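Chemist: Have a look at this one.
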Amino acid sequence: MRRTRSLILFLLLLVPLTTHGQTPTSDAKALALKSSVETVQFESKLVSAKLPYSVVLPPEYNSTEVRAKSFPVLYLLHGLTGHYTDWLSKSKLAEHAARYQIIVVTPEGNNGWYTDSNVAPTDKYETYIIKELIPDVEKRFRAITARQGRAVAGLSMGGYGALKFGLKYPEMFTFAASLSGALGAASINPDDPQIAAWLKPSIERAYGKIDNPVRAANDVFKIIRELPAERVASLPYLYIDCGTEDFLIGSNMRMAALLVERKIPHEYRQLPGKHDWPYWDRQVQEVLKIMEQRMSPAFAVKAAGASASK
């Protein structure tokens with residue numbers, strides 16, 4: 001009996017010791033799951049300039065176990081007066097992205113509104129993204145090259161650009177997200193005396209005067225209003241959010257109402273927040289989460305079944 005009690009006591013003492021001994025290993029493994037970041041010094045022939053871009057690679061990318069695996073890609077666009085480095089230097093993007101098996105690319109868009117200007121002939125920032133950047137990424141990295149493996153998102157000017165790319169190139173993207181999007185950019189009149197001095201030069205250079213045909217071709221509200229009903233099913237899933245204290249909340253609310261009117265599948269969130277990096281750092285986490293959900297094999301099968309039943 002005494003031996004039995006001693007054995008039980010020994011086993012009870014052993015359990016916490018074993019658990020404690022495993023904890024550092026578990027923590028070390030968690031700490032090792034970090035994204036790696038590379039920068040590509042890309043020379044654009046269309047823009048006739050160097051347009052670098054950063055690539056955030058998931059922790060598993062360089063693992064010997066998955067060297068043959070390709071990954072979905074999120075093209076994450078910066079805002080006006082920003083650059084390709086913003087997402088990595090002003091948010092915790094690399095840390096957030098480490099939780100997902102997703103490649104994140106942050107391109108350089110300067111102040112070009114991700115638009116092909118006819119005022120400045122070398123400002124081909126839309127065609128650059130579609131015809132130069134994406135093919136270069138897919139050549140250099142193990143990226144999924146099908147629509148189901150591509151998504152685009154951005155903040156402010158980049159939110160407008162992401163939504164526009166999703167609408168104009170639905171065959172290329174399965175998901176498009178706008179954070180605090182400057183969605184009314186193409187309708188801003190540069191001759192309006194109330195326009196901010198810091199905003200006028202980029203609007204005038206990208207879109208020209210108020211009667212310039214470039215405006216109609218890049219007005220996301222006009223594109224959606226004139227979209228044939230039969231093309232709605234071909235659009236990527238749209239996600240839009242904006243802070244309630246953001247000066248752009250009005251145009252985002254109008255966009256949400258228009259999407260409801262046109263019966264376009266989307267998600268709209270109106271949340272406490274301003275037009276600032278704390279807000280975007282929070283919301284990019286939601287973009288990554290939704291992207292992973294909608295690009296999962298299970299969702300792809302479910303979506304295909306739903307399409308077949310229509």
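Just remember, in the structure tokens the first chain shown is A, the second B, etc., residues are 1-based per chain, and ligands are 1-based in the order shown.
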Near region 60-64 of chain A, within 10 Å and counting only C-alpha atoms, which residues show up once chain neighbours fewer than 5 positions away are dropped, as a list of chain:residue names?
Modeler: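 Counting only C-alpha atoms, the residues come to A:Leu33, A:Lys34, A:Ser35, A:Ser36, A:Lys69, A:Ser70, A:Phe71, A:Ala98, A:Tyr100, A:Gln101, A:Ile102, A:Ile103, A:Phe141, A:Arg142.
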Chemist: Any chance you could export the current selection's C-alpha atoms as a tab-separated table (two decimals), in the first residue's frame?
Modeler:
```tsv
chain	number	residue	atom	x	y	z
A	33	LEU	CA	6.95	31.64	-37.26
A	34	LYS	CA	7.94	34.95	-38.80
A	35	SER	CA	7.40	36.32	-42.26
A	36	SER	CA	10.40	37.11	-44.41
A	69	LYS	CA	3.70	24.66	-53.04
A	70	SER	CA	2.28	27.84	-54.57
A	71	PHE	CA	0.61	30.51	-52.43
A	98	ALA	CA	2.78	35.46	-40.51
A	100	TYR	CA	-1.50	33.00	-42.89
A	101	GLN	CA	-0.15	31.09	-45.86
A	102	ILE	CA	-0.45	34.16	-48.07
A	103	ILE	CA	2.12	36.20	-50.02
A	141	PHE	CA	7.73	33.83	-56.59
A	142	ARG	CA	5.66	30.68	-56.14
```
Chemist: Residues within 9 Å of region 219-221 of chain A, please, as a ChimeraX atom specification. Count only C-alpha atoms; anything in the same chain fewer than 4 positions from it doesn't count.
Modeler: /A:160,163-164,167,183-187,214-215,225-226,254-255,258
Chemist: Deliver the residues from the most recent selection as a file, using C-alpha atoms, as a compact mmCIF listing (two decimals), in the first residue's frame.
Modeler:
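This is the output file selection12.txt:
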```
# COMPACT_ATOMS: atom_id res chain seq x y z
CA TYR A 160 -10.14 53.23 -54.47
CA LEU A 163 -12.05 48.43 -55.74
CA LYS A 164 -11.49 49.72 -59.28
CA LEU A 167 -14.53 45.97 -60.97
CA LEU A 183 -13.92 56.29 -53.74
CA GLY A 184 -15.03 59.61 -55.25
CA ALA A 185 -11.59 60.55 -56.58
CA ALA A 186 -12.51 60.50 -60.28
CA SER A 187 -15.28 63.06 -59.77
CA VAL A 214 -10.37 59.34 -68.24
CA ARG A 215 -12.73 60.27 -65.41
CA ARG A 225 -24.25 51.94 -61.98
CA GLU A 226 -23.71 50.91 -65.61
CA ARG A 254 -22.96 55.97 -50.74
CA MET A 255 -20.96 53.11 -52.21
CA LEU A 258 -25.21 51.50 -54.40
```
Chemist: Tyr268 (chain A): which residues within 9 Å, counting only C-alpha atoms, same-chain residues fewer than 5 positions away excluded, as JSON, numbers by chain?
Modeler: {"A": [238, 239, 240, 241, 242, 252, 253, 256]}
Chemist: Let's see if you can do this: from backbone DSSP, list all strand (DSSP E) residues in region 63-264 of chain A, as a list in words.
Modeler: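 Those in region 63-264 of chain A that DSSP calls strand (DSSP E) are Val73, Leu74, Tyr75, Leu76, Leu77, Ile103, Val104, Val105, Thr106, Arg150, Ala151, Val152, Ala153, Gly154, Leu155, Phe175, Ala176, Ala177, Ser178, Leu179, Tyr237, Leu238, Tyr239, Ile240, Asp241, Cys242 and Gly243 of chain A.
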Chemist: Which one of A:Gln148, A:Thr244, A:Ser156, A:Thr39 sits closest to Val73 (chain A) if you count only C-alpha atoms?
Modeler: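 Comparing A:Gln148, A:Thr244, A:Ser156, A:Thr39 against Val73 (chain A), the winner is A:Gln148.
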Chemist: Need to verify the contact set: Val137 (chain A), 12 Å, only C-alpha atoms, exclusion of same-chain residues closer than 6 positions in sequence. Can you return it as a list in words?
Modeler: Glu38, Thr39, Val40, Gln41, Phe42, Pro52, Tyr53, Ser54, Val55, Val56, Leu57, Phe71, Pro72, Val73, Leu74, Tyr75, Ile103, Val104, Val105, Thr106, Pro107, Ile129, Ile130, Lys131, Ala143, Ile144, Thr145 and Arg150 of chain A
Chemist: Those residues you just picked out, can you put them in a file as a PDB file, in the first residue's frame with N, CA and C atoms?
Modeler:
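Wrote it out as again_5.pdb, contents follow:
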```
ATOM      1  N   GLU A  38      11.197  40.564 -48.762  1.00  0.00           N
ATOM      2  CA  GLU A  38      12.140  40.848 -49.842  1.00  0.00           C
ATOM      3  C   GLU A  38      11.683  42.093 -50.591  1.00  0.00           C
ATOM      4  N   THR A  39      12.649  42.818 -51.145  1.00  0.00           N
ATOM      5  CA  THR A  39      12.334  43.997 -51.955  1.00  0.00           C
ATOM      6  C   THR A  39      12.873  43.797 -53.355  1.00  0.00           C
ATOM      7  N   VAL A  40      12.017  44.028 -54.333  1.00  0.00           N
ATOM      8  CA  VAL A  40      12.398  43.894 -55.745  1.00  0.00           C
ATOM      9  C   VAL A  40      12.513  45.298 -56.342  1.00  0.00           C
ATOM     10  N   GLN A  41      13.667  45.598 -56.909  1.00  0.00           N
ATOM     11  CA  GLN A  41      13.875  46.897 -57.545  1.00  0.00           C
ATOM     12  C   GLN A  41      13.432  46.795 -59.009  1.00  0.00           C
ATOM     13  N   PHE A  42      12.145  46.967 -59.221  1.00  0.00           N
ATOM     14  CA  PHE A  42      11.578  46.723 -60.541  1.00  0.00           C
ATOM     15  C   PHE A  42      11.658  47.971 -61.420  1.00  0.00           C
ATOM     16  N   PRO A  52       9.923  50.076 -57.127  1.00  0.00           N
ATOM     17  CA  PRO A  52      10.197  48.921 -56.250  1.00  0.00           C
ATOM     18  C   PRO A  52       8.929  48.390 -55.603  1.00  0.00           C
ATOM     19  N   TYR A  53       8.974  47.135 -55.209  1.00  0.00           N
ATOM     20  CA  TYR A  53       7.871  46.571 -54.435  1.00  0.00           C
ATOM     21  C   TYR A  53       8.423  45.611 -53.405  1.00  0.00           C
ATOM     22  N   SER A  54       7.727  45.518 -52.278  1.00  0.00           N
ATOM     23  CA  SER A  54       8.113  44.599 -51.218  1.00  0.00           C
ATOM     24  C   SER A  54       7.218  43.374 -51.257  1.00  0.00           C
ATOM     25  N   VAL A  55       7.798  42.244 -50.840  1.00  0.00           N
ATOM     26  CA  VAL A  55       7.076  40.981 -50.826  1.00  0.00           C
ATOM     27  C   VAL A  55       7.209  40.372 -49.432  1.00  0.00           C
ATOM     28  N   VAL A  56       6.077  40.136 -48.786  1.00  0.00           N
ATOM     29  CA  VAL A  56       6.051  39.489 -47.477  1.00  0.00           C
ATOM     30  C   VAL A  56       5.735  38.014 -47.711  1.00  0.00           C
ATOM     31  N   LEU A  57       6.694  37.158 -47.398  1.00  0.00           N
ATOM     32  CA  LEU A  57       6.548  35.724 -47.631  1.00  0.00           C
ATOM     33  C   LEU A  57       6.133  35.023 -46.347  1.00  0.00           C
ATOM     34  N   PHE A  71       1.389  29.794 -53.443  1.00  0.00           N
ATOM     35  CA  PHE A  71       0.612  30.506 -52.435  1.00  0.00           C
ATOM     36  C   PHE A  71      -0.272  31.579 -53.073  1.00  0.00           C
ATOM     37  N   PRO A  72      -1.431  31.862 -52.476  1.00  0.00           N
ATOM     38  CA  PRO A  72      -2.250  32.990 -52.947  1.00  0.00           C
ATOM     39  C   PRO A  72      -1.542  34.300 -52.654  1.00  0.00           C
ATOM     40  N   VAL A  73      -1.879  35.324 -53.410  1.00  0.00           N
ATOM     41  CA  VAL A  73      -1.207  36.617 -53.283  1.00  0.00           C
ATOM     42  C   VAL A  73      -2.210  37.732 -53.037  1.00  0.00           C
ATOM     43  N   LEU A  74      -1.886  38.589 -52.072  1.00  0.00           N
ATOM     44  CA  LEU A  74      -2.644  39.808 -51.822  1.00  0.00           C
ATOM     45  C   LEU A  74      -1.797  40.994 -52.277  1.00  0.00           C
ATOM     46  N   TYR A  75      -2.308  41.763 -53.220  1.00  0.00           N
ATOM     47  CA  TYR A  75      -1.650  43.001 -53.651  1.00  0.00           C
ATOM     48  C   TYR A  75      -2.232  44.126 -52.806  1.00  0.00           C
ATOM     49  N   ILE A 103       1.086  35.249 -49.623  1.00  0.00           N
ATOM     50  CA  ILE A 103       2.120  36.198 -50.019  1.00  0.00           C
ATOM     51  C   ILE A 103       1.468  37.574 -50.111  1.00  0.00           C
ATOM     52  N   VAL A 104       2.099  38.591 -49.523  1.00  0.00           N
ATOM     53  CA  VAL A 104       1.579  39.957 -49.604  1.00  0.00           C
ATOM     54  C   VAL A 104       2.584  40.818 -50.366  1.00  0.00           C
ATOM     55  N   VAL A 105       2.106  41.496 -51.403  1.00  0.00           N
ATOM     56  CA  VAL A 105       2.946  42.363 -52.224  1.00  0.00           C
ATOM     57  C   VAL A 105       2.495  43.808 -52.030  1.00  0.00           C
ATOM     58  N   THR A 106       3.443  44.694 -51.713  1.00  0.00           N
ATOM     59  CA  THR A 106       3.122  46.117 -51.552  1.00  0.00           C
ATOM     60  C   THR A 106       3.804  46.908 -52.669  1.00  0.00           C
ATOM     61  N   PRO A 107       3.065  47.273 -53.711  1.00  0.00           N
ATOM     62  CA  PRO A 107       3.652  47.960 -54.862  1.00  0.00           C
ATOM     63  C   PRO A 107       3.853  49.456 -54.628  1.00  0.00           C
ATOM     64  N   ILE A 129       0.264  47.875 -62.916  1.00  0.00           N
ATOM     65  CA  ILE A 129      -0.123  46.841 -61.942  1.00  0.00           C
ATOM     66  C   ILE A 129      -0.554  45.560 -62.659  1.00  0.00           C
ATOM     67  N   ILE A 130      -1.392  45.703 -63.676  1.00  0.00           N
ATOM     68  CA  ILE A 130      -1.988  44.548 -64.349  1.00  0.00           C
ATOM     69  C   ILE A 130      -1.014  43.850 -65.294  1.00  0.00           C
ATOM     70  N   LYS A 131      -0.272  44.616 -66.070  1.00  0.00           N
ATOM     71  CA  LYS A 131       0.551  44.038 -67.142  1.00  0.00           C
ATOM     72  C   LYS A 131       2.021  43.826 -66.782  1.00  0.00           C
ATOM     73  N   ALA A 143       3.701  31.897 -56.741  1.00  0.00           N
ATOM     74  CA  ALA A 143       2.377  32.465 -56.585  1.00  0.00           C
ATOM     75  C   ALA A 143       1.371  31.679 -57.413  1.00  0.00           C
ATOM     76  N   ILE A 144       0.180  31.515 -56.855  1.00  0.00           N
ATOM     77  CA  ILE A 144      -0.901  30.917 -57.630  1.00  0.00           C
ATOM     78  C   ILE A 144      -1.246  31.870 -58.765  1.00  0.00           C
ATOM     79  N   THR A 145      -1.293  31.377 -59.983  1.00  0.00           N
ATOM     80  CA  THR A 145      -1.488  32.241 -61.141  1.00  0.00           C
ATOM     81  C   THR A 145      -2.928  32.257 -61.648  1.00  0.00           C
ATOM     82  N   ARG A 150      -5.700  35.233 -56.359  1.00  0.00           N
ATOM     83  CA  ARG A 150      -5.321  36.654 -56.366  1.00  0.00           C
ATOM     84  C   ARG A 150      -6.362  37.506 -55.660  1.00  0.00           C
TER      85      ARG A 150
END
```
Chemist: Looking at only C-alpha atoms, which of A:Lys92, A:Lys200, A:Arg205, A:Lys168 is the one that sits closest to Val284 (chain A)?
Modeler: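 Looking at the shortest contact to Val284 (chain A), the residue is A:Lys92.
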Chemist: Run DSSP on the backbone and tell me which residues of region 6-217 of chain A come out as alpha helix (DSSP H); list them as a ChimeraX atom specification.
Modeler: /A:6-32,86-90,93-97,125-127,134-140,157-168,200-207,213-217
Chemist: Please provide the set of residues having any atom within 8 Å of Gly161 (chain A), restricted to only C-alpha atoms, with same-chain residues fewer than 3 positions apart removed, written as a list in words.
Modeler: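 My reading of the contact set: Leu77, Trp113, Tyr114, Thr115, Gly154, Met157, Gly158, Lys164 and Phe165 of chain A.
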Chemist: Would you export the selected residues with N, CA and C atoms as a PDB file, in the first residue's frame, please?
Modeler:
```pdb
ATOM      1  N   LEU A  77      -2.225  47.971 -51.647  1.00  0.00           N
ATOM      2  CA  LEU A  77      -1.884  49.283 -52.198  1.00  0.00           C
ATOM      3  C   LEU A  77      -1.822  50.375 -51.128  1.00  0.00           C
ATOM      4  N   TRP A 113      -2.905  57.482 -58.438  1.00  0.00           N
ATOM      5  CA  TRP A 113      -4.296  57.043 -58.320  1.00  0.00           C
ATOM      6  C   TRP A 113      -4.548  55.726 -59.052  1.00  0.00           C
ATOM      7  N   TYR A 114      -3.511  54.937 -59.252  1.00  0.00           N
ATOM      8  CA  TYR A 114      -3.624  53.618 -59.892  1.00  0.00           C
ATOM      9  C   TYR A 114      -4.452  53.725 -61.181  1.00  0.00           C
ATOM     10  N   THR A 115      -4.129  54.793 -61.940  1.00  0.00           N
ATOM     11  CA  THR A 115      -4.891  55.150 -63.134  1.00  0.00           C
ATOM     12  C   THR A 115      -3.943  55.452 -64.287  1.00  0.00           C
ATOM     13  N   GLY A 154      -6.396  47.875 -50.367  1.00  0.00           N
ATOM     14  CA  GLY A 154      -5.607  49.085 -50.176  1.00  0.00           C
ATOM     15  C   GLY A 154      -6.303  50.056 -49.253  1.00  0.00           C
ATOM     16  N   MET A 157      -6.381  56.170 -51.183  1.00  0.00           N
ATOM     17  CA  MET A 157      -6.178  56.098 -52.633  1.00  0.00           C
ATOM     18  C   MET A 157      -6.061  54.649 -53.075  1.00  0.00           C
ATOM     19  N   GLY A 158      -5.395  53.842 -52.262  1.00  0.00           N
ATOM     20  CA  GLY A 158      -5.241  52.421 -52.575  1.00  0.00           C
ATOM     21  C   GLY A 158      -6.537  51.644 -52.439  1.00  0.00           C
ATOM     22  N   LYS A 164     -11.458  49.521 -57.830  1.00  0.00           N
ATOM     23  CA  LYS A 164     -11.487  49.719 -59.281  1.00  0.00           C
ATOM     24  C   LYS A 164     -10.922  48.511 -60.015  1.00  0.00           C
ATOM     25  N   PHE A 165      -9.809  47.968 -59.536  1.00  0.00           N
ATOM     26  CA  PHE A 165      -9.220  46.788 -60.183  1.00  0.00           C
ATOM     27  C   PHE A 165     -10.183  45.607 -60.122  1.00  0.00           C
TER      28      PHE A 165
END
```
